[in-house]
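Asker: Structure file start.pdb (PDB, C-alpha atoms) is given on the next line.
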```pdb
ATOM      1  CA  MET A   1     215.971  49.910 102.031
ATOM      2  CA  LYS A   2     218.753  48.393  99.952
ATOM      3  CA  ARG A   3     220.044  51.204  97.763
ATOM      4  CA  ILE A   4     221.081  51.072  94.171
ATOM      5  CA  GLY A   5     224.743  52.065  94.071
ATOM      6  CA  GLY A   6     226.212  54.755  91.848
ATOM      7  CA  VAL A   7     229.609  55.065  90.197
ATOM      8  CA  ILE A   8     230.683  58.259  88.428
ATOM      9  CA  ILE A   9     233.461  57.769  85.882
ATOM     10  CA  SER A  10     235.231  60.486  83.924
ATOM     11  CA  HIS A  11     238.378  61.560  82.203
ATOM     12  CA  GLY A  12     240.525  63.522  84.662
ATOM     13  CA  GLN A  13     239.187  64.649  88.042
ATOM     14  CA  VAL A  14     235.637  65.542  86.914
ATOM     15  CA  ALA A  15     234.089  62.448  88.558
ATOM     16  CA  THR A  16     235.752  63.062  91.917
ATOM     17  CA  GLU A  17     234.772  66.713  91.919
ATOM     18  CA  LEU A  18     231.174  66.008  90.876
ATOM     19  CA  LEU A  19     230.854  63.629  93.811
ATOM     20  CA  ALA A  20     232.473  66.202  96.123
ATOM     21  CA  ALA A  21     230.004  68.845  94.926
ATOM     22  CA  ALA A  22     227.034  66.528  95.483
ATOM     23  CA  GLU A  23     228.280  65.698  98.965
ATOM     24  CA  THR A  24     228.627  69.387  99.766
ATOM     25  CA  VAL A  25     224.975  69.803  98.881
ATOM     26  CA  VAL A  26     223.340  66.739 100.419
ATOM     27  CA  GLY A  27     225.912  65.280 102.813
ATOM     28  CA  GLU A  28     228.046  62.175 102.687
ATOM     29  CA  LEU A  29     227.130  59.631 100.013
ATOM     30  CA  ASP A  30     228.253  56.138 100.946
ATOM     31  CA  HIS A  31     226.447  54.511  98.054
ATOM     32  CA  ILE A  32     228.183  56.552  95.349
ATOM     33  CA  ALA A  33     231.832  56.242  94.277
ATOM     34  CA  ALA A  34     233.914  58.186  91.784
ATOM     35  CA  VAL A  35     236.571  56.903  89.413
ATOM     36  CA  SER A  36     238.798  59.422  87.685
ATOM     37  CA  ILE A  37     240.634  57.915  84.774
ATOM     38  CA  GLY A  38     243.958  59.573  84.050
ATOM     39  CA  TRP A  39     244.666  60.669  80.505
ATOM     40  CA  HIS A  40     247.503  58.192  80.216
ATOM     41  CA  ASP A  41     246.138  55.353  82.328
ATOM     42  CA  ASP A  42     246.370  51.811  81.096
ATOM     43  CA  VAL A  43     243.011  50.284  80.110
ATOM     44  CA  ASP A  44     243.498  47.269  82.385
ATOM     45  CA  VAL A  45     244.284  49.481  85.364
ATOM     46  CA  ALA A  46     241.185  51.578  84.675
ATOM     47  CA  LYS A  47     239.084  48.445  84.269
ATOM     48  CA  ASP A  48     240.233  47.134  87.648
ATOM     49  CA  GLU A  49     239.467  50.454  89.299
ATOM     50  CA  ILE A  50     235.952  50.507  87.852
ATOM     51  CA  GLU A  51     235.343  46.934  88.929
ATOM     52  CA  ARG A  52     236.463  47.743  92.477
ATOM     53  CA  ALA A  53     234.220  50.810  92.590
ATOM     54  CA  ILE A  54     231.193  48.831  91.389
ATOM     55  CA  LYS A  55     231.808  46.167  94.049
ATOM     56  CA  LYS A  56     232.312  48.812  96.731
ATOM     57  CA  VAL A  57     228.905  50.465  96.246
ATOM     58  CA  SER A  58     226.887  47.379  95.367
ATOM     59  CA  GLN A  59     224.300  46.430  97.971
ATOM     60  CA  GLY A  60     222.790  43.701  95.809
ATOM     61  CA  ASN A  61     220.254  45.947  94.088
ATOM     62  CA  GLY A  62     222.360  46.918  91.111
ATOM     63  CA  VAL A  63     224.740  49.754  90.307
ATOM     64  CA  LEU A  64     224.119  52.720  88.046
ATOM     65  CA  VAL A  65     227.284  53.898  86.309
ATOM     66  CA  MET A  66     227.302  57.520  85.161
ATOM     67  CA  THR A  67     230.027  58.412  82.667
ATOM     68  CA  ASP A  68     231.109  61.720  81.219
ATOM     69  CA  MET A  69     230.604  61.205  77.488
ATOM     70  CA  PHE A  70     229.230  58.565  75.158
ATOM     71  CA  GLY A  71     232.021  57.145  73.023
ATOM     72  CA  GLY A  72     234.767  58.131  75.459
ATOM     73  CA  THR A  73     237.121  55.694  77.142
ATOM     74  CA  PRO A  74     235.381  55.785  80.549
ATOM     75  CA  THR A  75     232.109  54.764  78.870
ATOM     76  CA  ASN A  76     233.751  52.180  76.664
ATOM     77  CA  ILE A  77     235.529  50.499  79.548
ATOM     78  CA  ALA A  78     232.459  50.675  81.799
ATOM     79  CA  ALA A  79     230.395  49.086  79.018
ATOM     80  CA  MET A  80     232.258  45.827  79.648
ATOM     81  CA  PHE A  81     230.365  45.579  82.945
ATOM     82  CA  ILE A  82     226.825  46.090  81.633
ATOM     83  CA  LYS A  83     224.607  43.318  82.891
ATOM     84  CA  GLU A  84     220.821  43.256  83.196
ATOM     85  CA  ASN A  85     219.618  44.216  86.703
ATOM     86  CA  GLU A  86     223.230  44.525  87.847
ATOM     87  CA  VAL A  87     224.996  47.308  85.984
ATOM     88  CA  GLU A  88     223.499  50.038  83.774
ATOM     89  CA  ILE A  89     225.257  53.038  82.261
ATOM     90  CA  VAL A  90     223.925  56.527  81.644
ATOM     91  CA  THR A  91     226.289  58.904  79.838
ATOM     92  CA  GLY A  92     226.728  62.673  79.997
ATOM     93  CA  VAL A  93     226.730  62.896  83.777
ATOM     94  CA  ASN A  94     225.861  66.245  85.341
ATOM     95  CA  LEU A  95     225.323  67.369  88.936
ATOM     96  CA  PRO A  96     221.510  67.040  88.871
ATOM     97  CA  MET A  97     221.910  63.406  87.770
ATOM     98  CA  VAL A  98     224.223  62.691  90.684
ATOM     99  CA  LEU A  99     221.788  64.430  93.040
ATOM    100  CA  LYS A 100     219.009  62.268  91.654
ATOM    101  CA  VAL A 101     220.923  59.082  92.487
ATOM    102  CA  ALA A 102     221.896  60.617  95.830
ATOM    103  CA  SER A 103     218.373  61.425  96.870
ATOM    104  CA  TYR A 104     215.951  58.918  95.351
ATOM    105  CA  ASN A 105     214.129  57.533  98.323
ATOM    106  CA  ARG A 106     211.798  54.760  97.369
ATOM    107  CA  GLU A 107     212.049  51.197  96.170
ATOM    108  CA  THR A 108     212.795  51.117  92.458
ATOM    109  CA  THR A 109     214.567  48.922  89.961
ATOM    110  CA  LEU A 110     217.918  49.621  88.383
ATOM    111  CA  SER A 111     216.424  50.038  84.909
ATOM    112  CA  ASP A 112     213.734  52.429  86.156
ATOM    113  CA  LEU A 113     216.286  54.511  88.040
ATOM    114  CA  ALA A 114     218.505  54.566  84.942
ATOM    115  CA  LYS A 115     215.593  55.928  82.873
ATOM    116  CA  GLU A 116     214.762  58.539  85.522
ATOM    117  CA  VAL A 117     218.375  59.664  85.749
ATOM    118  CA  GLU A 118     218.628  59.926  81.955
ATOM    119  CA  GLU A 119     215.480  62.091  81.915
ATOM    120  CA  GLN A 120     216.658  64.172  84.850
ATOM    121  CA  GLY A 121     219.960  64.869  83.157
ATOM    122  CA  LYS A 122     218.244  66.077  79.994
ATOM    123  CA  GLN A 123     215.588  68.112  81.780
ATOM    124  CA  SER A 124     218.122  69.851  83.978
ATOM    125  CA  ILE A 125     219.700  71.711  81.096
ATOM    126  CA  TYR A 126     218.265  75.182  80.715
ATOM    127  CA  ARG A 127     219.158  78.103  78.532
ATOM    128  CA  THR A 128     218.717  80.333  81.518
ATOM    129  CA  SER A 129     218.051  83.558  79.620
ATOM    130  CA  ALA A 130     215.015  81.876  78.049
ATOM    131  CA  LEU A 131     213.677  81.139  81.526
ATOM    132  CA  LEU A 132     214.148  84.721  82.639
ATOM    133  CA  GLU A 133     212.557  86.326  79.561
ATOM    134  CA  PRO A 134     208.882  85.866  80.459
ATOM    135  CA  GLN A 135     209.506  87.250  83.943
ATOM    136  CA  LYS A 136     211.177  90.309  82.515
ATOM    137  CA  MET A 137     208.225  90.881  80.240
ATOM    138  CA  LYS A 138     205.826  90.559  83.164
ATOM    139  CA  LYS A 139     207.803  93.142  85.093
ATOM    140  CA  ASP A 140     207.806  95.562  82.160
ATOM    141  CA  ALA A 141     204.116  95.147  81.457
TER     142      ALA A 141
ATOM    143  CA  MET B   1     195.586  71.581 104.581
ATOM    144  CA  LEU B   2     197.564  74.535 105.890
ATOM    145  CA  GLU B   3     199.417  77.201 103.967
ATOM    146  CA  ALA B   4     201.783  80.047 104.659
ATOM    147  CA  THR B   5     203.688  82.584 102.621
ATOM    148  CA  VAL B   6     207.423  82.688 103.218
ATOM    149  CA  GLU B   7     210.124  84.895 101.798
ATOM    150  CA  VAL B   8     213.619  83.970 100.669
ATOM    151  CA  ARG B   9     215.775  86.185 102.882
ATOM    152  CA  ASN B  10     219.326  85.029 102.206
ATOM    153  CA  GLN B  11     221.450  86.770  99.631
ATOM    154  CA  LEU B  12     222.191  83.707  97.507
ATOM    155  CA  GLY B  13     218.528  82.768  97.178
ATOM    156  CA  LEU B  14     217.251  79.220  97.302
ATOM    157  CA  HIS B  15     220.533  77.750  96.058
ATOM    158  CA  ALA B  16     221.640  74.133  96.184
ATOM    159  CA  ARG B  17     222.723  73.882  99.811
ATOM    160  CA  ALA B  18     219.779  75.941 101.057
ATOM    161  CA  ALA B  19     217.432  73.781  99.008
ATOM    162  CA  ALA B  20     219.051  70.691 100.509
ATOM    163  CA  GLN B  21     218.320  72.021 104.007
ATOM    164  CA  LEU B  22     214.692  72.581 103.095
ATOM    165  CA  VAL B  23     214.396  69.101 101.572
ATOM    166  CA  ARG B  24     216.048  67.443 104.558
ATOM    167  CA  LEU B  25     213.604  69.214 106.867
ATOM    168  CA  ALA B  26     210.569  68.424 104.681
ATOM    169  CA  ASN B  27     211.503  64.751 104.638
ATOM    170  CA  GLU B  28     211.229  64.638 108.422
ATOM    171  CA  PHE B  29     207.467  65.005 108.048
ATOM    172  CA  LYS B  30     204.814  62.715 106.648
ATOM    173  CA  SER B  31     202.768  65.535 105.156
ATOM    174  CA  THR B  32     202.810  66.350 101.476
ATOM    175  CA  ILE B  33     204.527  69.711 101.190
ATOM    176  CA  ILE B  34     204.270  71.815  98.057
ATOM    177  CA  VAL B  35     206.027  75.091  97.355
ATOM    178  CA  HIS B  36     204.296  77.415  94.922
ATOM    179  CA  ARG B  37     206.061  80.352  93.356
ATOM    180  CA  GLU B  38     203.109  82.490  92.367
ATOM    181  CA  ASP B  39     204.860  85.060  90.168
ATOM    182  CA  THR B  40     205.966  82.382  87.703
ATOM    183  CA  ASN B  41     203.199  79.938  88.633
ATOM    184  CA  SER B  42     205.666  77.143  89.222
ATOM    185  CA  PHE B  43     205.230  74.393  91.783
ATOM    186  CA  ALA B  44     207.798  72.213  93.527
ATOM    187  CA  ASN B  45     207.767  69.214  95.813
ATOM    188  CA  ALA B  46     209.525  70.276  99.008
ATOM    189  CA  LYS B  47     210.903  66.764  99.411
ATOM    190  CA  SER B  48     212.857  66.849  96.132
ATOM    191  CA  ILE B  49     215.943  69.018  95.828
ATOM    192  CA  LEU B  50     215.895  69.014  92.036
ATOM    193  CA  SER B  51     212.281  70.116  92.088
ATOM    194  CA  ILE B  52     212.992  72.946  94.534
ATOM    195  CA  LEU B  53     215.928  74.180  92.445
ATOM    196  CA  THR B  54     213.675  74.620  89.398
ATOM    197  CA  LEU B  55     211.818  77.395  91.270
ATOM    198  CA  ALA B  56     214.935  79.572  90.799
ATOM    199  CA  ALA B  57     213.872  81.601  93.826
ATOM    200  CA  SER B  58     216.251  84.487  94.445
ATOM    201  CA  MET B  59     216.421  86.779  97.468
ATOM    202  CA  GLY B  60     213.105  88.515  98.045
ATOM    203  CA  THR B  61     211.008  85.883  96.270
ATOM    204  CA  LYS B  62     207.784  85.063  98.064
ATOM    205  CA  LEU B  63     206.670  81.449  98.105
ATOM    206  CA  LEU B  64     203.403  79.883  99.171
ATOM    207  CA  VAL B  65     204.042  76.684 101.124
ATOM    208  CA  THR B  66     201.204  74.234 101.637
ATOM    209  CA  ALA B  67     201.345  71.180 103.864
ATOM    210  CA  GLU B  68     198.766  68.453 104.013
ATOM    211  CA  GLY B  69     198.861  65.484 106.368
ATOM    212  CA  ASP B  70     198.870  64.412 110.010
ATOM    213  CA  ASP B  71     201.834  66.573 110.932
ATOM    214  CA  GLU B  72     201.041  69.538 108.685
ATOM    215  CA  GLU B  73     201.115  72.019 111.570
ATOM    216  CA  GLN B  74     204.612  71.092 112.747
ATOM    217  CA  ALA B  75     205.855  70.805 109.157
ATOM    218  CA  LEU B  76     204.698  74.272 108.228
ATOM    219  CA  ALA B  77     206.008  75.827 111.441
ATOM    220  CA  SER B  78     209.457  74.295 110.920
ATOM    221  CA  ILE B  79     209.633  75.402 107.304
ATOM    222  CA  LYS B  80     208.542  78.917 108.175
ATOM    223  CA  SER B  81     211.296  79.185 110.755
ATOM    224  CA  LEU B  82     213.887  77.866 108.301
ATOM    225  CA  PHE B  83     212.962  80.629 105.848
ATOM    226  CA  LEU B  84     212.903  83.208 108.667
ATOM    227  CA  THR B  85     216.465  82.339 109.614
ATOM    228  CA  GLY B  86     217.486  82.618 105.957
ATOM    229  CA  PHE B  87     218.865  79.071 106.033
ATOM    230  CA  GLY B  88     221.374  80.195 108.616
ATOM    231  CA  GLU B  89     222.912  82.616 106.136
ATOM    232  CA  VAL B  90     221.350  85.901 107.222
TER     233      VAL B  90
END
```
Kindly return the structure encoded in the file as structure tokens.
Answerer:
Amino acid sequence: MKRIGGVIISHGQVATELLAAAETVVGELDHIAAVSIGWHDDVDVAKDEIERAIKKVSQGNGVLVMTDMFGGTPTNIAAMFIKENEVEIVTGVNLPMVLKVASYNRETTLSDLAKEVEEQGKQSIYRTSALLEPQKMKKDA
Amino acid sequence: MLEATVEVRNQLGLHARAAAQLVRLANEFKSTIIVHREDTNSFANAKSILSILTLAASMGTKLLVTAEGDDEEQALASIKSLFLTGFGEV
């Protein structure tokens, strides 16, 4: 199966560490790369780095770029590469989103994977005390 | 369809790396494998790490594992032994 590649891009070292965390959980991830953009990096340098990362993970099935925050420089630079069926961006990357890209295991299209990853990211945010409340009540009852 | 009750025996519960072990094992089998946490009535697909993590199963949690398919017997036996060994953390 030709995989859809993944590139995580962030300010500072967040991208690198997110990828490291995902690899600790599920093992080495050859189809995902991380680009950490320094706070004082030149835009052209960052653009080149992103382009290299996209090329590195591309297997011909498209690349999903996950950036840290909508409106931030990593997203804005990555947006220059958006192209239908080739490069899609989902913002607000979190570990469950990276795990989703790491572990999807069936044929899918870039746009479908992008939608699934967007959903996964949103659904994976819990106010944990709210989850624990009903259990507590059950125990007390 | 076969089912068995297993217990989370490791101190950290069914955390990310433990869940990854379970998912890796489950994916070795063709059977559909579902994990049911009865006290919260939540279900998870044993082949999806993000699904397993939503069970939030801590140490002592009992889970009902069901396997259905050609290799359900081997699948269930392997999963039972993984839980018994506490994901290598006990």
Asker: Give the residues of chain A that lie within 7 Å of chain B; count only C-alpha atoms, and format the answer as a PDB file with C-alpha atoms, in the frame of the given file.
Answerer:
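As a result, selection_24.pdb now contains:
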```pdb
ATOM      1  CA  VAL A  25     224.975  69.803  98.881  1.00  0.00           C
ATOM      2  CA  VAL A  26     223.340  66.739 100.419  1.00  0.00           C
ATOM      3  CA  PRO A  96     221.510  67.040  88.871  1.00  0.00           C
TER       4      PRO A  96
END
```
Asker: Box in all listed atoms of region 117-120 of chain A, axis-aligned, with 3 Å more on each side; write out centre and edge lengths in Å to one decimal as AutoDock Vina command-line options.
Answerer:
```
--center_x 217.1 --center_y 61.9 --center_z 83.8 --size_x 9.1 --size_y 10.5 --size_z 9.8
```
Asker: Run the PyMOL selection byres ((chain B and resi 67) around 9) against the file shown and list the residues it catches, as a PDB file with C-alpha atoms, in the coordinates of the input.
Answerer:
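Listed below is the output, result_4.pdb:
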```pdb
ATOM      1  CA  MET B   1     195.586  71.581 104.581  1.00  0.00           C
ATOM      2  CA  LEU B   2     197.564  74.535 105.890  1.00  0.00           C
ATOM      3  CA  GLU B   3     199.417  77.201 103.967  1.00  0.00           C
ATOM      4  CA  ALA B   4     201.783  80.047 104.659  1.00  0.00           C
ATOM      5  CA  SER B  31     202.768  65.535 105.156  1.00  0.00           C
ATOM      6  CA  THR B  32     202.810  66.350 101.476  1.00  0.00           C
ATOM      7  CA  ILE B  33     204.527  69.711 101.190  1.00  0.00           C
ATOM      8  CA  ILE B  34     204.270  71.815  98.057  1.00  0.00           C
ATOM      9  CA  VAL B  35     206.027  75.091  97.355  1.00  0.00           C
ATOM     10  CA  VAL B  65     204.042  76.684 101.124  1.00  0.00           C
ATOM     11  CA  THR B  66     201.204  74.234 101.637  1.00  0.00           C
ATOM     12  CA  GLU B  68     198.766  68.453 104.013  1.00  0.00           C
ATOM     13  CA  GLY B  69     198.861  65.484 106.368  1.00  0.00           C
ATOM     14  CA  ASP B  71     201.834  66.573 110.932  1.00  0.00           C
ATOM     15  CA  GLU B  72     201.041  69.538 108.685  1.00  0.00           C
ATOM     16  CA  GLU B  73     201.115  72.019 111.570  1.00  0.00           C
ATOM     17  CA  ALA B  75     205.855  70.805 109.157  1.00  0.00           C
ATOM     18  CA  LEU B  76     204.698  74.272 108.228  1.00  0.00           C
TER      19      LEU B  76
END
```
Asker: What is the distance, in Å and to one decimal place, between CA of Glu88 (chain A) and CA of Glu116 (chain A)?
Answerer: 12.3 Å
Asker: In Å, how far is it from CA of Gly6 (chain A) to CA of Met66 (chain A)?
Answerer: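 Between these atoms lies a distance of 7.3 Å.
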Asker: Need to verify the contact set: Thr5 (chain B), 7 Å, all atoms listed in the file, exclusion of same-chain residues closer than 4 positions in sequence. Can you return it as a PyMOL selection string?
Answerer: chain B and resi 62-65
Asker: With all atoms listed in the file as the atoms that count, which of B:Ala44, B:Phe87, B:Arg37, B:Asn10 lies nearest to Leu22 (chain B)?
Answerer: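 The closest residue to Leu22 (chain B) is B:Phe87.
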Asker: Just so the selection is clear, what residues does the PyMOL selection byres ((chain A and resi 20) around 12) cover here, as a compact mmCIF listing (two decimals) with C-alpha atoms, keeping the file's coordinate frame?
Answerer:
```txt
# COMPACT_ATOMS: atom_id res chain seq x y z
CA ILE A 8 230.68 58.26 88.43
CA GLN A 13 239.19 64.65 88.04
CA VAL A 14 235.64 65.54 86.91
CA ALA A 15 234.09 62.45 88.56
CA THR A 16 235.75 63.06 91.92
CA GLU A 17 234.77 66.71 91.92
CA LEU A 18 231.17 66.01 90.88
CA LEU A 19 230.85 63.63 93.81
CA ALA A 21 230.00 68.84 94.93
CA ALA A 22 227.03 66.53 95.48
CA GLU A 23 228.28 65.70 98.96
CA THR A 24 228.63 69.39 99.77
CA VAL A 25 224.98 69.80 98.88
CA VAL A 26 223.34 66.74 100.42
CA GLY A 27 225.91 65.28 102.81
CA GLU A 28 228.05 62.18 102.69
CA LEU A 29 227.13 59.63 100.01
CA ASP A 30 228.25 56.14 100.95
CA ILE A 32 228.18 56.55 95.35
CA ALA A 33 231.83 56.24 94.28
CA ALA A 34 233.91 58.19 91.78
CA LEU A 95 225.32 67.37 88.94
CA VAL A 98 224.22 62.69 90.68
CA LEU A 99 221.79 64.43 93.04
CA ALA A 102 221.90 60.62 95.83
```
Asker: Provide the CA of Glu28 (chain B) to CA of Val8 (chain B) distance in Å, to one decimal place.
Answerer: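 About the pair CA of Glu28 (chain B) and CA of Val8 (chain B): they are 21.0 Å apart.
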